Each structure stands twice: as C-alpha cells, then as structure tokens.
Amino acid sequence: MTSPLVAAREVAGYSQDDVAAALGITRVMVSYWESGSRPLSPQYIAALARLFRVSPAELMSTEPVQPRADEAKMLFRRAATELSAVARQGIGEFLDFLDSYSRLADAAKFDVHGLSESPFVSSSNFRTDDDARRKAEEVRSYLRLGLGSIADMDTVADLLGITVFRSALGPNLAETISGAFYQHPEIGFSVLVNLEMTPGRRRFTLAHEIAHALFHSRTERIVLSRPGAGPNEHFADVFAGEFLMPTEGVRRFMEEHNFGPRVTDPADAVQLQRYFNVSFPTTLVRLRNANLIDREHFEEFKAIRPVLLAQALGFEVSDEELRQDPGLWRLSRFPRRFISLVRLAVREGVVSPSTVAGMTGLALDDIEDLVGLAPIVGEFDDHDSGLRDQEMREFESSGVLTR
C-alpha cells in the first residue's frame with residue numbers, strides 16, 4: 001500500500017529529488033520518511049504539508065490522498081523546460097494565496113474582485129513592435145502618467161485592478177520564471193513576480209505581466225513568462241520597455257539635461273536609469289532601439305558596473321540593489337488590498353491572527369504588528385548589478401533588441 005507521504009508527493013507532482021532540494025535535505029532522508037524507517041518531526045511535517053499543498057492532518061492520515069484540480073500543474077505544462085522544485089512551490093503559494101484571499105474576502109464581506117476583462121482593444125492582427133509601443137502609450141494616457149518615470153508600479157496595478165503577489169521562485173531563469181499571469185475566477189487578473197530577480201527586473205516583470213493581462217487575457221488565462229517563449233512574450237517585453245521608459249520621455253530628459261543627440265558617456269546612461277527607475281540593461285536596450293546610442297558605446301557600456309558608478313556619481317544605493325533577500329519583504333510581498341482585508345477581518349473577529357499567520361506563512365508577530373497599524377515597507381528601490389549580464393542575455397535572446 002502506498003504511504004500517505006508518497007501519495008501526497010505524487011499528487012503534487014514532485015520527485016524525491018524535488019522534495020530534497022526544496023527542504024535542503026538528502027533524497028535518502030525523504031526515502032526513509034516514505035518507507036517509515038525514520039520518524040517525521042513536527043517541523044518537517046509542516047514543511048511537507050506546505051510543499052504538497054495539503055493540511056498536516058491529510059499528510060499523516062491513513063486515508064488515500066485525493067487528486068485535486070491543480071492550477072499549478074496547468075502552469076507547469078506551459079513551461080518550455082522543467083521548472084525547479086522551488087519554482088513549483090512558489091507558484092503553488094501564489095495559487096493558494098489567491099484562493100485563501102477569496103475565501104477570507106467572502107467571510108469578511110470585503111469586495112476584492114479586480115479586473116476580469118481588459119478595457120483596451122486588442123487584436124491578433126496588431127502585434128508588431130510599433131503596436132506594442134503604441135499600446136504602452138495608450139495605457140500611460142489612460143492612467144494619466146505623462147512621459148516621466150513611474151514611482152510605484154504597485155499603484156499602477158492597483159489602479160488597473162490587478163492583484164500582485166511576490167514569491168521566491170529561484171534566481172536561475174534556466175529553471176524558473178520571472179513571473180506569471182493568471183486570471184483567477186474570483187480575484188480576477190493576478191500577477192506573480194519572482195522575488196529572487198533584481199529590483200529592476202521585478203519592475204520590468206510587473207509591467208510585462210500587465211501587458212499579458214491587458215492584451216492577451218482574451219485568449220490566455222494562464223501565462224508563464226520566460227525569455228524567448230513566443231510572440232506574446234516579445235510583445236509584452238516591448239510594451240514593458242516603452243511603458244517604463246517612453247521614447248519621447250527619454251528624448252525630453254536628454255534635451256532638458258543638455259545631453260548630446262546620442263548617449264556617449266556611461267554617467268548619462270546611469271542618470272537615465274536612475275530617473276526612470278529601471279534596470280541598466282533596460283536602459284541600454286531602450287537607448288539602442290530608439291537609436292540614441294550607437295552600437296560601439298552600447299557594447300562598451302554593457303561591461304560597466306552600474307551600481308558602483310551610481311555610487312561614485314552620488315546616487316543613493318540600497319542594500320536590496322546589492323543582494324536579493326526575499327525574507328526582507330515579509331508583509332510587502334502581499335497585495336495592499338489584502339493587507340487592508342486582514343486588518344479588517346482580524347479587528348472584526350472574522351479570523352484570528354493565528355489563522356492569518358497559517359494562511360500567509362508570516363510570523364504571528366508580523367500579523368499582530370499589521371493589525372496594530374505598523375508601517376508597511378513599500379517596494380524596494382531600483383537596480384542591482386548582480387544579475388546585469390543575465391538580464392542583458394534575456395533581452396538579447398528574446399529579440400527585444402531590434403537594432
């Protein structure tokens with residue numbers, strides 16, 4: 001007879017190696033647990049239950065684990081190559097969170113249903129780079145953003161009615177994703193962003209997923225975002241670049257700051273990057289596609305260390321730019337409307353702080369601070385140079401660089 005642990009693992013779609021990698025243990029130890037040769041501590045029971053998306057009671061029950069309709073598996077099948085166990089766990093967290101969010105909202109009689117149909121016209125006959133840039137201009141105009149930098153992408157998502165959740169999915173895009181779009185039946189358009197990408201990459205990913213929500217949701221309910229994965233990915237990349245760093249806004253900034261007709265000084269490129277709050281690779285690609293930097297300087301600037309140059313130029317550099325630590329985000333990885341819902345639900349006795357802690361994986365102290373109106377840390381600042389080369393390879397492989 002198959003043990004409950006084996007059944008739960010197989011229903012979740014994991015191998016023993018996946019479980020070992022996710023928990024930081026050996027595959028042999030997983031085998032011992034499944035055969036009953038070694039007892040499971042409460043700590044590992046809880047960790048395995050989270051990984052397999054079942055309750056601890058279900059995990060240790062003698063009753064067979066029932067297969068369930070699993071949206072995560074739908075996402076996995078969209079991946080061009082196998083995703084890591086960490087990535088699959090993060091996607092599972094995203095889907096579990098959306099379901100929990102919906103249930104909590106129903107219990108608290110709190111309306112969290114967001115955008116479920118795009119207000120923008122979209123046609124498969126208009127998918128060129130020029131169309132993507134035109135759509136970016138259209139969305140900026142709709143939100144009255146002008147041509148300048150966007151201070152906070154979460155506010156953009158809120159204004160559009162798009163739910164944003166962040167999770168650690170792993171840093172290596174050969175085995176993970178930068179983000180995903182999912183049209184949840186109750187919550188509406190929802191976006192997942194990988195916390196282990198650099199800050200500049202995360203902002204780009206959010207803009208990219210917004211493109212999927214607004215222009216591809218009529219035909220795609222689920223989208224996994226990976227470099228070079230098809231024409232819709234390319235369209236979303238071009239949209240994101242123009243949305244975050246509009247060509248006319250760049251030209252205006254260069255004129256107002258007495259730059260030449262083309263960028264020839266890396267300090268000018270860093271200044272543009274900091275103003276538009278994007279990654280350095282995004283800046284270079286945008287300049288190249290707008291014919292505002294020649295190929296020689298483009299190749300030369302790819303080798304510089306933008307964070308070090310920014311420090312030398314007197315720009316403030318945050319710790320997050322130097323090292324990505326998903327643990328720092330705590331409450332900030334959750335949508336703002338969810339934070340408001342939790343405050344309301346706990347204060348009105350709909351749920352207890354311990355229930356919310358179990359739902360979110362946050363410490364009980366975090367929940368109590370939240371309900372006590374402790375300040376919520378906003379999104380971290382801009383770019384980290386640690387994955388600069390990785391980001392540049394992503395742009396070049398996806399075909400976003402057109403010149």
# chains A, B, ... in the order shown; residues from 1 in each chain; ligands from 1
call {"tool": "residues_around", "arguments": {"residues": "segment 331-338 of chain A", "least_positions_apart": "4", "cutoff": "9 Å", "atoms": "only C-alpha atoms", "output": "JSON, numbers by chain"}}
result
{"A": [101, 105, 112, 154, 158, 163, 164, 165, 166, 167, 195, 326, 342, 343, 360, 362, 366, 367, 370, 376, 377, 378, 379]}
call {"tool": "closest_residue", "arguments": {"among": "A:Asp152, A:Phe235, A:Ile162, A:Arg50", "to": "Lys135 of chain A", "atoms": "only C-alpha atoms"}}
result
A:Phe235
call {"tool": "atom_distance", "arguments": {"atom1": "atom CA of Arg218 of chain A", "atom2": "atom CA of Ser123 of chain A"}}
result
9.8 Å
call {"tool": "residues_around", "arguments": {"residues": "Thr219 of chain A", "least_positions_apart": "4", "cutoff": "12 Å", "atoms": "only C-alpha atoms", "output": "ChimeraX atom specification"}}
result
/A:117-118,122-124,182-183,212-215,223,232
call {"tool": "residues_around", "arguments": {"residues": "Ser41 of chain A", "least_positions_apart": "5", "cutoff": "12 Å", "atoms": "only C-alpha atoms", "output": "list in words"}}
result
Trp33, Ala46, Ala47, Leu48, Pro56 and Met60 of chain A
call {"tool": "atom_distance", "arguments": {"atom1": "atom CA of Glu348 of chain A", "atom2": "atom CA of Gly161 of chain A"}}
result
25.3 Å
call {"tool": "select_by_dssp", "arguments": {"residues": "segment 204-401 of chain A", "states": "alpha helix (DSSP H)", "output": "ChimeraX atom specification"}}
result
/A:204-215,231-244,247-256,266-276,280-289,295-301,306-312,319-322,336-347,353-360,364-371,388-398
call {"tool": "atom_distance", "arguments": {"atom1": "atom CA of Val285 of chain A", "atom2": "atom CA of Arg203 of chain A"}}
result
15.5 Å
call {"tool": "residues_around", "arguments": {"residues": "Val356 of chain A", "least_positions_apart": "3", "cutoff": "10 Å", "atoms": "only C-alpha atoms", "output": "ChimeraX atom specification"}}
result
/A:100,104,342,345-346,351-353,359-364,367
call {"tool": "closest_residue", "arguments": {"among": "A:Phe181, A:Phe280, A:Phe126, A:Tyr32", "to": "Pro199 of chain A", "atoms": "only C-alpha atoms"}}
result
A:Phe280
call {"tool": "residues_around", "arguments": {"residues": "segment 304-307 of chain A", "least_positions_apart": "5", "cutoff": "12 Å", "atoms": "only C-alpha atoms", "output": "ChimeraX atom specification"}}
result
/A:200,265-274,278-281,283-284,297-299,312-323,382-389
call {"tool": "write_last_selection", "arguments": {"atoms": "N, CA and C atoms", "output": "short mmCIF file (atom, residue, chain, number, x, y, z; two decimals), in the first residue's frame"}}
result
data_model
loop_
_atom_site.label_atom_id
_atom_site.label_comp_id
_atom_site.auth_asym_id
_atom_site.auth_seq_id
_atom_site.Cartn_x
_atom_site.Cartn_y
_atom_site.Cartn_z
N GLY A 200 15.26 45.94 -10.62
CA GLY A 200 14.92 46.42 -11.95
C GLY A 200 14.21 45.36 -12.76
N ASP A 265 28.43 58.91 -22.83
CA ASP A 265 29.05 58.88 -21.50
C ASP A 265 28.24 57.92 -20.62
N PRO A 266 28.89 56.91 -20.01
CA PRO A 266 28.14 55.97 -19.17
C PRO A 266 27.44 56.66 -17.99
N ALA A 267 27.98 57.79 -17.55
CA ALA A 267 27.33 58.52 -16.46
C ALA A 267 25.95 59.01 -16.88
N ASP A 268 25.80 59.39 -18.16
CA ASP A 268 24.49 59.82 -18.66
C ASP A 268 23.51 58.65 -18.69
N ALA A 269 24.02 57.48 -19.07
CA ALA A 269 23.16 56.29 -19.09
C ALA A 269 22.68 55.94 -17.69
N VAL A 270 23.57 56.05 -16.70
CA VAL A 270 23.19 55.78 -15.32
C VAL A 270 22.17 56.81 -14.83
N GLN A 271 22.37 58.06 -15.23
CA GLN A 271 21.43 59.10 -14.83
C GLN A 271 20.02 58.81 -15.39
N LEU A 272 19.96 58.37 -16.63
CA LEU A 272 18.67 57.99 -17.21
C LEU A 272 18.07 56.78 -16.48
N GLN A 273 18.91 55.81 -16.19
CA GLN A 273 18.44 54.62 -15.48
C GLN A 273 17.84 54.98 -14.13
N ARG A 274 18.53 55.86 -13.41
CA ARG A 274 18.05 56.23 -12.08
C ARG A 274 16.77 57.05 -12.16
N VAL A 278 14.63 51.98 -13.69
CA VAL A 278 14.63 50.71 -14.39
C VAL A 278 16.01 50.07 -14.24
N SER A 279 16.17 48.87 -14.77
CA SER A 279 17.48 48.24 -14.72
C SER A 279 18.40 48.86 -15.77
N PHE A 280 19.71 48.68 -15.57
CA PHE A 280 20.67 49.22 -16.53
C PHE A 280 20.54 48.55 -17.90
N PRO A 281 20.35 47.21 -17.97
CA PRO A 281 20.12 46.61 -19.29
C PRO A 281 18.89 47.17 -20.00
N THR A 283 17.76 50.17 -19.73
CA THR A 283 18.17 51.49 -20.21
C THR A 283 18.95 51.38 -21.52
N LEU A 284 19.92 50.48 -21.56
CA LEU A 284 20.75 50.35 -22.76
C LEU A 284 19.92 49.88 -23.96
N HIS A 297 29.21 52.13 -28.35
CA HIS A 297 29.03 52.51 -26.96
C HIS A 297 28.09 51.54 -26.23
N PHE A 298 27.11 51.01 -26.95
CA PHE A 298 26.21 50.02 -26.36
C PHE A 298 27.01 48.82 -25.85
N GLU A 299 27.90 48.30 -26.68
CA GLU A 299 28.71 47.15 -26.28
C GLU A 299 29.67 47.53 -25.15
N ALA A 312 29.48 56.35 -7.22
CA ALA A 312 30.51 57.36 -7.49
C ALA A 312 29.88 58.68 -7.92
N LEU A 313 28.71 58.61 -8.56
CA LEU A 313 28.03 59.82 -9.02
C LEU A 313 27.17 60.46 -7.92
N GLY A 314 27.12 59.82 -6.75
CA GLY A 314 26.39 60.40 -5.62
C GLY A 314 24.96 59.91 -5.47
N PHE A 315 24.54 58.90 -6.25
CA PHE A 315 23.20 58.34 -6.11
C PHE A 315 23.15 57.44 -4.88
N GLU A 316 22.03 57.45 -4.20
CA GLU A 316 21.85 56.57 -3.05
C GLU A 316 21.61 55.14 -3.54
N VAL A 317 22.31 54.20 -2.96
CA VAL A 317 22.19 52.79 -3.35
C VAL A 317 21.69 52.01 -2.14
N SER A 318 20.62 51.26 -2.33
CA SER A 318 20.04 50.50 -1.22
C SER A 318 20.69 49.13 -1.11
N ASP A 319 20.55 48.50 0.04
CA ASP A 319 21.08 47.15 0.24
C ASP A 319 20.46 46.17 -0.75
N GLU A 320 19.19 46.39 -1.08
CA GLU A 320 18.49 45.50 -1.98
C GLU A 320 19.11 45.50 -3.38
N GLU A 321 19.79 46.56 -3.74
CA GLU A 321 20.46 46.61 -5.03
C GLU A 321 21.68 45.70 -5.08
N LEU A 322 22.23 45.40 -3.92
CA LEU A 322 23.45 44.62 -3.86
C LEU A 322 23.18 43.13 -3.64
N ARG A 323 22.05 42.83 -3.00
CA ARG A 323 21.75 41.42 -2.69
C ARG A 323 20.25 41.26 -2.55
N ASP A 382 15.62 50.66 -6.93
CA ASP A 382 15.92 50.19 -8.29
C ASP A 382 16.88 49.03 -8.41
N HIS A 383 17.94 49.15 -9.20
CA HIS A 383 18.61 48.02 -9.85
C HIS A 383 19.81 47.47 -9.09
N ASP A 384 20.01 46.18 -9.22
CA ASP A 384 21.19 45.51 -8.68
C ASP A 384 22.04 45.01 -9.84
N SER A 385 23.34 45.20 -9.72
CA SER A 385 24.20 44.79 -10.83
C SER A 385 24.53 43.31 -10.82
N GLY A 386 24.11 42.59 -9.77
CA GLY A 386 24.48 41.19 -9.64
C GLY A 386 24.02 40.32 -10.79
N LEU A 387 22.85 40.59 -11.36
CA LEU A 387 22.35 39.80 -12.50
C LEU A 387 22.35 40.62 -13.77
N ARG A 388 23.23 41.63 -13.84
CA ARG A 388 23.26 42.52 -15.01
C ARG A 388 23.49 41.73 -16.30
N ASP A 389 24.49 40.83 -16.31
CA ASP A 389 24.78 40.07 -17.51
C ASP A 389 23.62 39.14 -17.85
#
call {"tool": "closest_residue", "arguments": {"among": "A:Glu82, A:Glu186, A:Asp99, A:Asp130", "to": "Ser116 of chain A", "atoms": "only C-alpha atoms"}}
result
A:Glu186
call {"tool": "residues_around", "arguments": {"residues": "Leu5 of chain A", "least_positions_apart": "2", "cutoff": "7 Å", "atoms": "only C-alpha atoms", "output": "compact mmCIF listing (two decimals) with all heavy atoms, in the first residue's frame"}}
result
# COMPACT_ATOMS: atom_id res chain seq x y z
N SER A 3 2.27 4.75 0.88
CA SER A 3 2.19 5.55 2.10
C SER A 3 1.57 6.91 1.80
O SER A 3 1.62 7.38 0.65
CB SER A 3 3.58 5.74 2.69
OG SER A 3 4.31 6.72 1.96
N ALA A 7 1.88 9.20 -1.66
CA ALA A 7 0.69 9.60 -2.40
C ALA A 7 0.59 11.11 -2.51
O ALA A 7 0.29 11.65 -3.58
CB ALA A 7 -0.56 9.04 -1.71
N ALA A 8 0.84 11.81 -1.40
CA ALA A 8 0.77 13.28 -1.41
C ALA A 8 1.81 13.86 -2.35
O ALA A 8 1.54 14.82 -3.09
CB ALA A 8 0.95 13.82 0.00
N ARG A 9 3.01 13.28 -2.33
CA ARG A 9 4.08 13.77 -3.21
C ARG A 9 3.71 13.56 -4.67
O ARG A 9 3.91 14.46 -5.51
CB ARG A 9 5.40 13.07 -2.87
CG ARG A 9 6.52 13.39 -3.85
CD ARG A 9 7.85 12.83 -3.42
NE ARG A 9 7.86 11.39 -3.28
CZ ARG A 9 7.88 10.53 -4.29
NH1 ARG A 9 7.88 10.96 -5.54
NH2 ARG A 9 7.92 9.23 -4.06
N GLU A 34 9.35 8.13 3.74
CA GLU A 34 8.27 7.49 3.00
C GLU A 34 8.15 6.00 3.30
O GLU A 34 7.05 5.43 3.21
CB GLU A 34 8.46 7.71 1.49
CG GLU A 34 8.31 9.17 1.08
CD GLU A 34 8.40 9.40 -0.42
OE1 GLU A 34 8.78 8.46 -1.14
OE2 GLU A 34 8.10 10.52 -0.86
N LEU A 59 -1.76 14.89 5.45
CA LEU A 59 -0.46 14.31 5.13
C LEU A 59 -0.19 13.05 5.94
O LEU A 59 0.39 12.08 5.44
CB LEU A 59 0.65 15.34 5.37
CG LEU A 59 2.06 14.95 4.96
CD1 LEU A 59 2.14 14.79 3.45
CD2 LEU A 59 3.05 16.01 5.44
call {"tool": "select_by_dssp", "arguments": {"residues": "segment 197-255 of chain A", "states": "strand (DSSP E)", "output": "PyMOL selection string"}}
result
chain A and resi 222-225
